[in-house]
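**Q** Pasting query31.cif below, which is mmCIF, C-alpha atoms and all ligand atoms.
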```
data_coords
#
loop_
_atom_site.group_PDB
_atom_site.id
_atom_site.type_symbol
_atom_site.label_atom_id
_atom_site.label_comp_id
_atom_site.auth_asym_id
_atom_site.auth_seq_id
_atom_site.Cartn_x
_atom_site.Cartn_y
_atom_site.Cartn_z
ATOM 1 C CA MET A 1 3.937 -25.582 9.727
ATOM 2 C CA SER A 2 1.593 -28.072 8.050
ATOM 3 C CA LEU A 3 1.790 -28.394 4.313
ATOM 4 C CA ASP A 4 -1.376 -27.759 2.397
ATOM 5 C CA THR A 5 -1.590 -30.465 -0.221
ATOM 6 C CA THR A 6 -4.474 -28.739 -2.001
ATOM 7 C CA ALA A 7 -2.360 -25.707 -2.755
ATOM 8 C CA VAL A 8 -3.236 -24.149 -6.053
ATOM 9 C CA LEU A 9 -0.583 -21.560 -6.723
ATOM 10 C CA PRO A 10 -0.302 -21.209 -10.472
ATOM 11 C CA THR A 11 2.270 -23.651 -11.737
ATOM 12 C CA VAL A 12 3.046 -21.744 -14.906
ATOM 13 C CA THR A 13 6.278 -19.847 -14.660
ATOM 14 C CA ARG A 14 5.222 -17.265 -17.219
ATOM 15 C CA SER A 15 2.094 -15.191 -17.060
ATOM 16 C CA SER A 16 0.707 -14.107 -20.384
ATOM 17 C CA ALA A 17 1.214 -10.447 -21.087
ATOM 18 C CA GLY A 18 -1.992 -8.511 -21.693
ATOM 19 C CA THR A 19 -3.006 -5.702 -23.990
ATOM 20 C CA LEU A 20 -4.425 -2.512 -22.507
ATOM 21 C CA ASP A 21 -6.556 -0.309 -24.696
ATOM 22 C CA ALA A 22 -7.628 3.106 -23.405
ATOM 23 C CA ARG A 23 -10.451 4.546 -25.481
ATOM 24 C CA ALA A 24 -11.468 8.203 -25.336
ATOM 25 C CA VAL A 25 -10.585 8.542 -21.668
ATOM 26 C CA SER A 26 -11.460 11.897 -20.113
ATOM 27 C CA ALA A 27 -10.976 12.708 -16.432
ATOM 28 C CA TRP A 28 -12.112 15.398 -14.048
ATOM 29 C CA PHE A 29 -11.204 16.490 -10.541
ATOM 30 C CA GLY A 30 -14.331 18.314 -9.448
ATOM 31 C CA ASP A 31 -15.192 20.752 -12.221
ATOM 32 C CA ARG A 32 -11.707 20.698 -13.672
ATOM 33 C CA LYS A 33 -11.151 18.492 -16.683
ATOM 34 C CA VAL A 34 -7.576 17.227 -16.577
ATOM 35 C CA LEU A 35 -7.611 14.676 -19.408
ATOM 36 C CA GLU A 36 -9.362 15.115 -22.729
ATOM 37 C CA GLN A 37 -10.205 12.100 -24.894
ATOM 38 C CA VAL A 38 -7.032 10.116 -24.451
ATOM 39 C CA SER A 39 -6.855 6.980 -26.583
ATOM 40 C CA LEU A 40 -3.833 4.714 -26.463
ATOM 41 C CA LEU A 41 -3.220 1.075 -27.283
ATOM 42 C CA MET A 42 -0.582 -0.513 -25.056
ATOM 43 C CA PRO A 43 0.191 -3.821 -26.776
ATOM 44 C CA ALA A 44 1.091 -7.055 -25.028
ATOM 45 C CA GLY A 45 4.795 -7.596 -24.628
ATOM 46 C CA GLN A 46 5.769 -3.971 -25.151
ATOM 47 C CA VAL A 47 7.051 -1.190 -22.922
ATOM 48 C CA THR A 48 5.030 1.983 -23.441
ATOM 49 C CA ALA A 49 6.594 5.195 -22.081
ATOM 50 C CA LEU A 50 4.398 8.149 -21.160
ATOM 51 C CA ILE A 51 6.396 11.341 -21.459
ATOM 52 C CA GLY A 52 5.570 15.028 -21.130
ATOM 53 C CA PRO A 53 5.908 17.991 -18.748
ATOM 54 C CA SER A 54 4.663 17.926 -15.155
ATOM 55 C CA GLY A 55 0.966 18.432 -14.608
ATOM 56 C CA CYS A 56 -0.222 17.161 -17.990
ATOM 57 C CA GLY A 57 -2.035 14.149 -16.540
ATOM 58 C CA LYS A 58 0.394 11.238 -16.928
ATOM 59 C CA SER A 59 -0.038 9.998 -13.354
ATOM 60 C CA THR A 60 -3.775 10.509 -13.540
ATOM 61 C CA PHE A 61 -3.899 8.452 -16.739
ATOM 62 C CA LEU A 62 -1.761 5.717 -15.156
ATOM 63 C CA ARG A 63 -4.024 5.564 -12.108
ATOM 64 C CA ILE A 64 -7.048 5.271 -14.349
ATOM 65 C CA LEU A 65 -5.463 2.189 -15.900
ATOM 66 C CA ASN A 66 -5.876 0.245 -12.662
ATOM 67 C CA ARG A 67 -8.918 1.932 -11.153
ATOM 68 C CA MET A 68 -7.056 3.918 -8.525
ATOM 69 C CA HIS A 69 -8.618 7.079 -9.891
ATOM 70 C CA GLU A 70 -12.048 6.039 -8.610
ATOM 71 C CA LEU A 71 -10.763 6.081 -5.012
ATOM 72 C CA ILE A 72 -10.499 9.896 -5.173
ATOM 73 C CA PRO A 73 -13.904 11.298 -4.185
ATOM 74 C CA SER A 74 -13.744 14.346 -6.474
ATOM 75 C CA ALA A 75 -12.645 12.309 -9.486
ATOM 76 C CA ALA A 76 -14.846 11.439 -12.450
ATOM 77 C CA LEU A 77 -14.128 9.489 -15.579
ATOM 78 C CA ALA A 78 -15.450 8.965 -19.083
ATOM 79 C CA GLY A 79 -14.294 6.472 -21.682
ATOM 80 C CA GLU A 80 -13.197 2.857 -21.482
ATOM 81 C CA VAL A 81 -10.145 0.880 -20.460
ATOM 82 C CA LEU A 82 -10.046 -2.585 -21.998
ATOM 83 C CA LEU A 83 -7.755 -5.332 -20.761
ATOM 84 C CA ASP A 84 -7.621 -7.979 -23.470
ATOM 85 C CA GLY A 85 -10.944 -6.672 -24.727
ATOM 86 C CA ALA A 86 -12.794 -6.574 -21.376
ATOM 87 C CA ASP A 87 -13.634 -3.239 -19.729
ATOM 88 C CA ILE A 88 -11.896 -3.067 -16.339
ATOM 89 C CA TYR A 89 -14.615 -0.637 -15.192
ATOM 90 C CA ALA A 90 -17.519 -2.954 -16.118
ATOM 91 C CA PRO A 91 -19.928 -3.188 -13.154
ATOM 92 C CA GLU A 92 -19.498 -6.949 -12.866
ATOM 93 C CA ARG A 93 -15.721 -6.695 -12.831
ATOM 94 C CA ARG A 94 -14.368 -6.759 -9.294
ATOM 95 C CA LEU A 95 -11.838 -4.198 -8.189
ATOM 96 C CA THR A 96 -9.578 -6.916 -6.822
ATOM 97 C CA THR A 97 -9.467 -8.569 -10.248
ATOM 98 C CA ALA A 98 -8.295 -5.343 -11.857
ATOM 99 C CA ARG A 99 -5.711 -4.859 -9.103
ATOM 100 C CA ARG A 100 -4.382 -8.383 -9.510
ATOM 101 C CA ASP A 101 -4.107 -8.164 -13.277
ATOM 102 C CA ILE A 102 -2.639 -4.670 -13.287
ATOM 103 C CA GLY A 103 0.125 -3.918 -10.781
ATOM 104 C CA MET A 104 1.629 -0.544 -9.910
ATOM 105 C CA VAL A 105 5.086 0.591 -8.842
ATOM 106 C CA PHE A 106 5.425 4.146 -7.542
ATOM 107 C CA GLN A 107 8.097 6.830 -7.652
ATOM 108 C CA LYS A 108 9.027 6.425 -4.017
ATOM 109 C CA PRO A 109 9.800 2.812 -3.105
ATOM 110 C CA ASN A 110 7.134 1.732 -0.615
ATOM 111 C CA PRO A 111 7.847 -1.716 0.782
ATOM 112 C CA PHE A 112 6.327 -2.440 4.195
ATOM 113 C CA PRO A 113 9.409 -1.303 6.114
ATOM 114 C CA ALA A 114 9.025 -3.459 9.241
ATOM 115 C CA MET A 115 7.903 -6.560 7.341
ATOM 116 C CA SER A 116 10.542 -9.081 6.259
ATOM 117 C CA ILE A 117 11.793 -9.148 2.694
ATOM 118 C CA TYR A 118 10.173 -12.590 2.354
ATOM 119 C CA ASP A 119 6.773 -11.422 3.602
ATOM 120 C CA ASN A 120 6.930 -8.247 1.510
ATOM 121 C CA VAL A 121 7.084 -10.337 -1.649
ATOM 122 C CA LEU A 122 4.073 -12.373 -0.543
ATOM 123 C CA ALA A 123 2.079 -9.403 0.766
ATOM 124 C CA GLY A 124 -0.234 -9.191 -2.247
ATOM 125 C CA LEU A 125 -0.955 -12.891 -2.400
ATOM 126 C CA LYS A 126 -4.130 -12.660 -0.327
ATOM 127 C CA LEU A 127 -5.597 -10.820 -3.304
ATOM 128 C CA THR A 128 -5.394 -13.970 -5.359
ATOM 129 C CA GLY A 129 -7.320 -16.009 -2.791
ATOM 130 C CA VAL A 130 -4.991 -18.965 -3.276
ATOM 131 C CA ARG A 131 -3.457 -21.017 -0.508
ATOM 132 C CA ALA A 132 0.100 -22.175 -0.772
ATOM 133 C CA SER A 133 2.455 -24.503 1.019
ATOM 134 C CA ARG A 134 5.648 -23.226 2.545
ATOM 135 C CA ALA A 135 7.634 -24.823 -0.270
ATOM 136 C CA GLU A 136 5.506 -23.108 -2.888
ATOM 137 C CA LYS A 137 5.873 -19.778 -1.143
ATOM 138 C CA ASP A 138 9.644 -20.242 -0.952
ATOM 139 C CA HIS A 139 9.672 -20.991 -4.647
ATOM 140 C CA LEU A 140 7.551 -17.965 -5.503
ATOM 141 C CA VAL A 141 9.675 -15.625 -3.387
ATOM 142 C CA GLU A 142 12.838 -16.824 -5.097
ATOM 143 C CA GLU A 143 11.267 -16.587 -8.536
ATOM 144 C CA CYS A 144 9.941 -13.049 -8.050
ATOM 145 C CA LEU A 145 13.127 -11.737 -6.434
ATOM 146 C CA THR A 146 15.129 -13.285 -9.260
ATOM 147 C CA LYS A 147 12.960 -11.623 -11.894
ATOM 148 C CA ALA A 148 13.311 -8.311 -10.059
ATOM 149 C CA GLY A 149 17.111 -8.754 -10.076
ATOM 150 C CA LEU A 150 17.359 -8.852 -6.282
ATOM 151 C CA TRP A 151 17.666 -12.538 -5.356
ATOM 152 C CA LYS A 152 21.448 -12.807 -5.208
ATOM 153 C CA GLU A 153 21.686 -9.777 -2.938
ATOM 154 C CA VAL A 154 19.062 -10.881 -0.423
ATOM 155 C CA GLN A 155 18.887 -14.660 -0.471
ATOM 156 C CA ASP A 156 20.787 -14.908 2.817
ATOM 157 C CA ARG A 157 18.766 -12.223 4.583
ATOM 158 C CA LEU A 158 15.144 -12.878 3.658
ATOM 159 C CA ARG A 159 14.035 -12.424 7.290
ATOM 160 C CA GLN A 160 15.459 -8.925 7.517
ATOM 161 C CA PRO A 161 13.023 -6.012 7.252
ATOM 162 C CA GLY A 162 12.324 -4.525 3.835
ATOM 163 C CA GLY A 163 13.178 -1.104 5.251
ATOM 164 C CA ALA A 164 16.804 -2.176 5.792
ATOM 165 C CA LEU A 165 17.475 -2.304 2.045
ATOM 166 C CA SER A 166 18.923 0.529 -0.044
ATOM 167 C CA GLY A 167 16.545 2.666 -2.099
ATOM 168 C CA GLY A 168 17.255 0.815 -5.327
ATOM 169 C CA GLN A 169 16.870 -2.550 -3.608
ATOM 170 C CA GLN A 170 13.603 -1.409 -2.040
ATOM 171 C CA GLN A 171 12.286 -0.485 -5.463
ATOM 172 C CA ARG A 172 13.265 -3.916 -6.802
ATOM 173 C CA LEU A 173 11.514 -5.458 -3.788
ATOM 174 C CA CYS A 174 8.393 -3.520 -4.765
ATOM 175 C CA ILE A 175 8.694 -4.901 -8.294
ATOM 176 C CA ALA A 176 9.026 -8.432 -6.854
ATOM 177 C CA ARG A 177 5.946 -7.822 -4.693
ATOM 178 C CA SER A 178 3.980 -6.727 -7.763
ATOM 179 C CA LEU A 179 5.058 -9.825 -9.684
ATOM 180 C CA ALA A 180 3.943 -12.277 -6.977
ATOM 181 C CA VAL A 181 0.290 -12.023 -8.021
ATOM 182 C CA ARG A 182 1.300 -12.663 -11.652
ATOM 183 C CA PRO A 183 -0.044 -9.475 -13.211
ATOM 184 C CA LYS A 184 -0.564 -9.085 -16.930
ATOM 185 C CA ILE A 185 0.350 -5.401 -16.779
ATOM 186 C CA LEU A 186 2.832 -3.455 -14.677
ATOM 187 C CA LEU A 187 2.352 0.306 -14.364
ATOM 188 C CA MET A 188 5.377 2.290 -13.204
ATOM 189 C CA ASP A 189 5.161 5.956 -12.247
ATOM 190 C CA GLU A 190 8.667 7.460 -12.463
ATOM 191 C CA PRO A 191 10.108 4.351 -10.773
ATOM 192 C CA CYS A 192 13.709 5.577 -10.946
ATOM 193 C CA SER A 193 13.434 9.267 -10.158
ATOM 194 C CA ALA A 194 14.344 8.691 -6.497
ATOM 195 C CA LEU A 195 17.295 6.431 -7.407
ATOM 196 C CA ASP A 196 20.980 6.800 -8.254
ATOM 197 C CA PRO A 197 22.196 6.079 -11.818
ATOM 198 C CA THR A 198 23.451 2.558 -11.042
ATOM 199 C CA SER A 199 20.172 1.498 -9.428
ATOM 200 C CA THR A 200 18.342 3.149 -12.313
ATOM 201 C CA ARG A 201 20.220 1.103 -14.908
ATOM 202 C CA ARG A 202 19.543 -2.105 -13.010
ATOM 203 C CA ILE A 203 15.824 -1.378 -12.980
ATOM 204 C CA GLU A 204 15.891 -0.542 -16.680
ATOM 205 C CA GLN A 205 17.537 -3.900 -17.335
ATOM 206 C CA THR A 206 14.867 -5.608 -15.219
ATOM 207 C CA ILE A 207 12.133 -3.826 -17.192
ATOM 208 C CA ARG A 208 13.513 -5.140 -20.484
ATOM 209 C CA GLU A 209 13.670 -8.682 -19.098
ATOM 210 C CA LEU A 210 10.172 -8.530 -17.604
ATOM 211 C CA VAL A 211 8.423 -7.289 -20.695
ATOM 212 C CA GLU A 212 8.666 -10.771 -22.151
ATOM 213 C CA GLU A 213 5.883 -11.727 -19.780
ATOM 214 C CA VAL A 214 4.358 -8.514 -18.390
ATOM 215 C CA THR A 215 3.237 -5.549 -20.462
ATOM 216 C CA ILE A 216 4.785 -2.398 -19.002
ATOM 217 C CA VAL A 217 3.606 1.216 -18.993
ATOM 218 C CA ILE A 218 6.149 3.620 -17.527
ATOM 219 C CA VAL A 219 5.995 7.346 -16.838
ATOM 220 C CA THR A 220 9.418 8.944 -17.114
ATOM 221 C CA HIS A 221 10.916 12.412 -17.331
ATOM 222 C CA ASN A 222 14.225 10.944 -18.393
ATOM 223 C CA MET A 223 14.369 11.006 -22.191
ATOM 224 C CA GLN A 224 17.416 8.707 -22.320
ATOM 225 C CA GLN A 225 15.503 6.259 -20.190
ATOM 226 C CA ALA A 226 12.472 6.425 -22.477
ATOM 227 C CA GLN A 227 14.764 5.624 -25.399
ATOM 228 C CA ARG A 228 16.543 2.816 -23.585
ATOM 229 C CA VAL A 229 13.507 0.973 -22.253
ATOM 230 C CA SER A 230 10.456 1.683 -24.383
ATOM 231 C CA ASP A 231 9.084 0.234 -27.604
ATOM 232 C CA GLN A 232 6.574 3.024 -28.046
ATOM 233 C CA CYS A 233 6.084 6.474 -26.541
ATOM 234 C CA ALA A 234 3.124 8.748 -25.979
ATOM 235 C CA PHE A 235 3.776 12.455 -25.554
ATOM 236 C CA PHE A 236 1.297 14.119 -23.188
ATOM 237 C CA LEU A 237 0.805 17.858 -23.058
ATOM 238 C CA ALA A 238 -1.582 20.250 -21.329
ATOM 239 C CA GLU A 239 -1.283 23.580 -23.039
ATOM 240 C CA GLN A 240 -2.235 26.629 -21.051
ATOM 241 C CA GLY A 241 -5.866 26.532 -20.080
ATOM 242 C CA THR A 242 -6.505 23.162 -21.710
ATOM 243 C CA SER A 243 -6.824 19.613 -20.432
ATOM 244 C CA GLY A 244 -4.027 17.113 -20.907
ATOM 245 C CA GLY A 245 -3.982 14.944 -23.980
ATOM 246 C CA ILE A 246 -1.691 12.964 -26.244
ATOM 247 C CA VAL A 247 -0.029 15.136 -28.892
ATOM 248 C CA GLU A 248 1.710 12.276 -30.626
ATOM 249 C CA HIS A 249 2.475 8.627 -30.083
ATOM 250 C CA GLY A 250 4.343 5.970 -31.986
ATOM 251 C CA PRO A 251 7.401 3.732 -32.010
ATOM 252 C CA THR A 252 10.125 5.151 -29.780
ATOM 253 C CA ASP A 253 12.657 5.371 -32.621
ATOM 254 C CA ALA A 254 10.260 7.475 -34.662
ATOM 255 C CA MET A 255 9.242 9.697 -31.746
ATOM 256 C CA PHE A 256 12.866 10.573 -31.095
ATOM 257 C CA GLY A 257 14.258 10.309 -34.615
ATOM 258 C CA ALA A 258 11.514 11.905 -36.653
ATOM 259 C CA PRO A 259 8.767 13.421 -34.508
ATOM 260 C CA VAL A 260 5.877 14.729 -36.573
ATOM 261 C CA ASP A 261 4.697 17.488 -34.248
ATOM 262 C CA GLN A 262 6.963 20.451 -33.497
ATOM 263 C CA ARG A 263 5.943 20.326 -29.820
ATOM 264 C CA THR A 264 7.108 16.713 -29.585
ATOM 265 C CA SER A 265 10.371 17.621 -31.259
ATOM 266 C CA ASP A 266 10.897 20.490 -28.818
ATOM 267 C CA TYR A 267 10.172 18.300 -25.825
ATOM 268 C CA VAL A 268 12.293 15.272 -26.731
ATOM 269 C CA ASN A 269 15.166 17.596 -27.613
ATOM 270 C CA GLY A 270 14.982 19.368 -24.271
ATOM 271 C CA ARG A 271 13.614 22.645 -25.617
ATOM 272 C CA PHE A 272 10.687 22.851 -23.182
HETATM 273 P P1 LIG B 1 1.627 14.523 -14.203
HETATM 274 O O1 LIG B 1 1.747 13.151 -13.620
HETATM 275 O O2 LIG B 1 1.721 14.546 -15.690
HETATM 276 O O3 LIG B 1 2.600 15.475 -13.594
HETATM 277 P P2 LIG B 1 -0.927 14.589 -12.828
HETATM 278 O O4 LIG B 1 -1.729 13.500 -13.420
HETATM 279 O O5 LIG B 1 -0.319 14.346 -11.492
HETATM 280 O O6 LIG B 1 0.168 15.085 -13.879
HETATM 281 O O7 LIG B 1 -1.854 15.867 -12.680
HETATM 282 C C1 LIG B 1 -2.685 16.351 -13.739
HETATM 283 C C2 LIG B 1 -3.491 17.520 -13.214
HETATM 284 O O8 LIG B 1 -4.449 17.033 -12.276
HETATM 285 C C3 LIG B 1 -2.644 18.537 -12.486
HETATM 286 O O9 LIG B 1 -3.137 19.814 -12.784
HETATM 287 C C4 LIG B 1 -2.883 18.223 -11.016
HETATM 288 O O10 LIG B 1 -2.773 19.367 -10.232
HETATM 289 C C5 LIG B 1 -4.299 17.679 -11.024
HETATM 290 N N1 LIG B 1 -4.519 16.679 -9.962
HETATM 291 C C6 LIG B 1 -3.826 15.512 -9.805
HETATM 292 N N2 LIG B 1 -4.291 14.811 -8.762
HETATM 293 C C7 LIG B 1 -5.316 15.529 -8.233
HETATM 294 C C8 LIG B 1 -6.225 15.338 -7.134
HETATM 295 N N3 LIG B 1 -6.177 14.249 -6.373
HETATM 296 N N4 LIG B 1 -7.159 16.305 -6.921
HETATM 297 C C9 LIG B 1 -7.208 17.415 -7.705
HETATM 298 N N5 LIG B 1 -6.399 17.653 -8.737
HETATM 299 C C10 LIG B 1 -5.468 16.735 -9.014
HETATM 300 MG MG MG B 2 3.111 12.388 -12.227
#
```
Output the file's structure as structure tokens, nothing else.
**A**
Amino acid sequence: MSLDTTAVLPTVTRSSAGTLDARAVSAWFGDRKVLEQVSLLMPAGQVTALIGPSGCGKSTFLRILNRMHELIPSAALAGEVLLDGADIYAPERRLTTARRDIGMVFQKPNPFPAMSIYDNVLAGLKLTGVRASRAEKDHLVEECLTKAGLWKEVQDRLRQPGGALSGGQQQRLCIARSLAVRPKILLMDEPCSALDPTSTRRIEQTIRELVEEVTIVIVTHNMQQAQRVSDQCAFFLAEQGTSGGIVEHGPTDAMFGAPVDQRTSDYVNGRF
């Protein structure tokens, strides 16, 4: 393989975490309004946990934060999502830019099963439009797998298919794949709910290490997990016949230690 001497992979080892600011976001599927005026600041360098019962719009809100919502034909949106002050939905802003800046990890690990571990990590790189030498790719793969806490386990088997890994390893591979494009934000929709407790704790540890350089927004139904990993929480609720919205948000310690709203108190104490 010939080396490309003009390679321009970013040389910085840290990306700069970004701030996401959702302002008065409402969402519809057809005629049905599922989110009502949701405003939430997700500051750089923090883990924000979105908590609340099923069906209250947490996944919809998360998808709106990286423009996946607009891929659903029946979906409509009002409000703004600002990444470091710039609206990700602005007409001049390309979808690929939003996708590169804002990565997503899903509940069910979804590596490309037949693709090698090595190529899985690099799969999103085309998005960045950069060319890289083999040595730079090797370096990036090692760096991203290390940050995802998977390097030691797979360094001798990088050519094996991603599908051969355990569930927890596959999820860490997906995290590594997200990191390869150096996102500012990482969105995670119940990333541990398909995993065993040991894998879950390893991912939680990874989340706390990553937040130094990537702002994280995580949906979780696990209240212990929300307390372990997040700096701030937002409690979503859709009361009967109403659209989903945020009842209360604030620092995680306060949300769990001294919630203001009775409904928050009931939820975080398992009385829902
Ligand atoms: P949560 O993640 O909090 O469980 P969701 O965001 O998945 O909630 O769903 C919020 C509401 O929107 C639910 O009533 C759900 O049925 C509805 N919904 C989600 N996705 C779609 C879709 N693609 N088309 C129509 N309705 C949807
Ligand atoms: Mg959901």
**Q** Show me which residues sit within 7 Å of ligand LIG 1 (chain B) when counting all atoms listed in the file, and put them as an NGL selection string.
**A** :A and (29 or 34 or 52-61 or 72 or 74)
**Q** Using all atoms listed in the file, which of A:Leu179, A:Cys174, A:Ala17, A:Ile207 sits nearest Pro109 of chain A?
**A**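 Looking only at the distances to Pro109 of chain A, the closest residue turns out to be A:Cys174.
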**Q** Near Ser178 of chain A, within 7 Å and counting only C-alpha atoms, which residues show up once chain neighbours fewer than 3 positions away are dropped, as a ChimeraX atom specification?
**A** /A:103-104,174-175,181
**Q** Quick one: everything within 7 Å of Ala24 of chain A, counting all atoms listed in the file, minus sequence neighbours fewer than 5 positions away in the same chain. Send it as an MDAnalysis selection string.
**A** chainID A and resid 37:39 79:80
**Q** Could you write out as a VMD selection string the residues that the PyMOL selection byres (((chain A and resi 156-158) around 9) and not hetatm) matches in the shown file?
**A** chain A and resid 116 to 119 152 to 155 159 to 162
**Q** Please expand the PyMOL selection byres (((chain A and resi 223) around 10) and not hetatm) into the concrete residues it hits in this file, giving the result as a list in words.
**A**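 Those residues are Ala49, Ile51, Gly52, Thr220, His221, Asn222, Gln224, Gln225, Ala226, Gln227, Arg228, Phe256, Tyr267, Val268, Asn269 and Gly270 of chain A.
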**Q** Between A:Leu173, A:Met188, A:Ile216, A:Leu140, single out the one closest to ligand MG 2 (chain B), counting all atoms listed in the file.
**A**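 When distances to ligand MG 2 (chain B) are compared using all atoms listed in the file, the smallest one comes from A:Met188.
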**Q** Which is closest to Asn66 of chain A among A:Val214, A:Val121, A:Leu165, A:Leu187, if we use all atoms listed in the file?
**A**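 For Asn66 of chain A, the nearest of the candidates is A:Leu187.
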**Q** With only C-alpha atoms as the counted atoms, please give the residues lying no more than 9 Å from Cys192 of chain A, apart from itself and same-chain residues fewer than 6 positions off, as a VMD selection string.
**A** chain A and resid 107 to 108 168 171 199 to 201 203 to 204 220
**Q** Using all atoms listed in the file, determine which residues lie at most 6 Å from Asp231 of chain A, disregarding the query and same-chain residues fewer than 2 positions distant; provide the list as number ranges by chain.
**A** A: 46-47, 251-252
**Q** So what do you get for atom CA of Thr97 of chain A versus atom CA of Gly18 of chain A, distance-wise?
**A**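 Computing the Euclidean distance for atom CA of Thr97 of chain A and atom CA of Gly18 of chain A yields 13.7 Å.
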**Q** Using all atoms of segment 227-243 of chain A that appear in the file, construct an axis-aligned enclosing box with 5 Å of padding on every side and provide its centre coordinates and edge lengths in Å, rounded to one decimal, as AutoDock Vina command-line options.
**A**
```
--center_x 4.9 --center_y 13.4 --center_z -24.1 --size_x 33.4 --size_y 36.4 --size_z 18.0
```
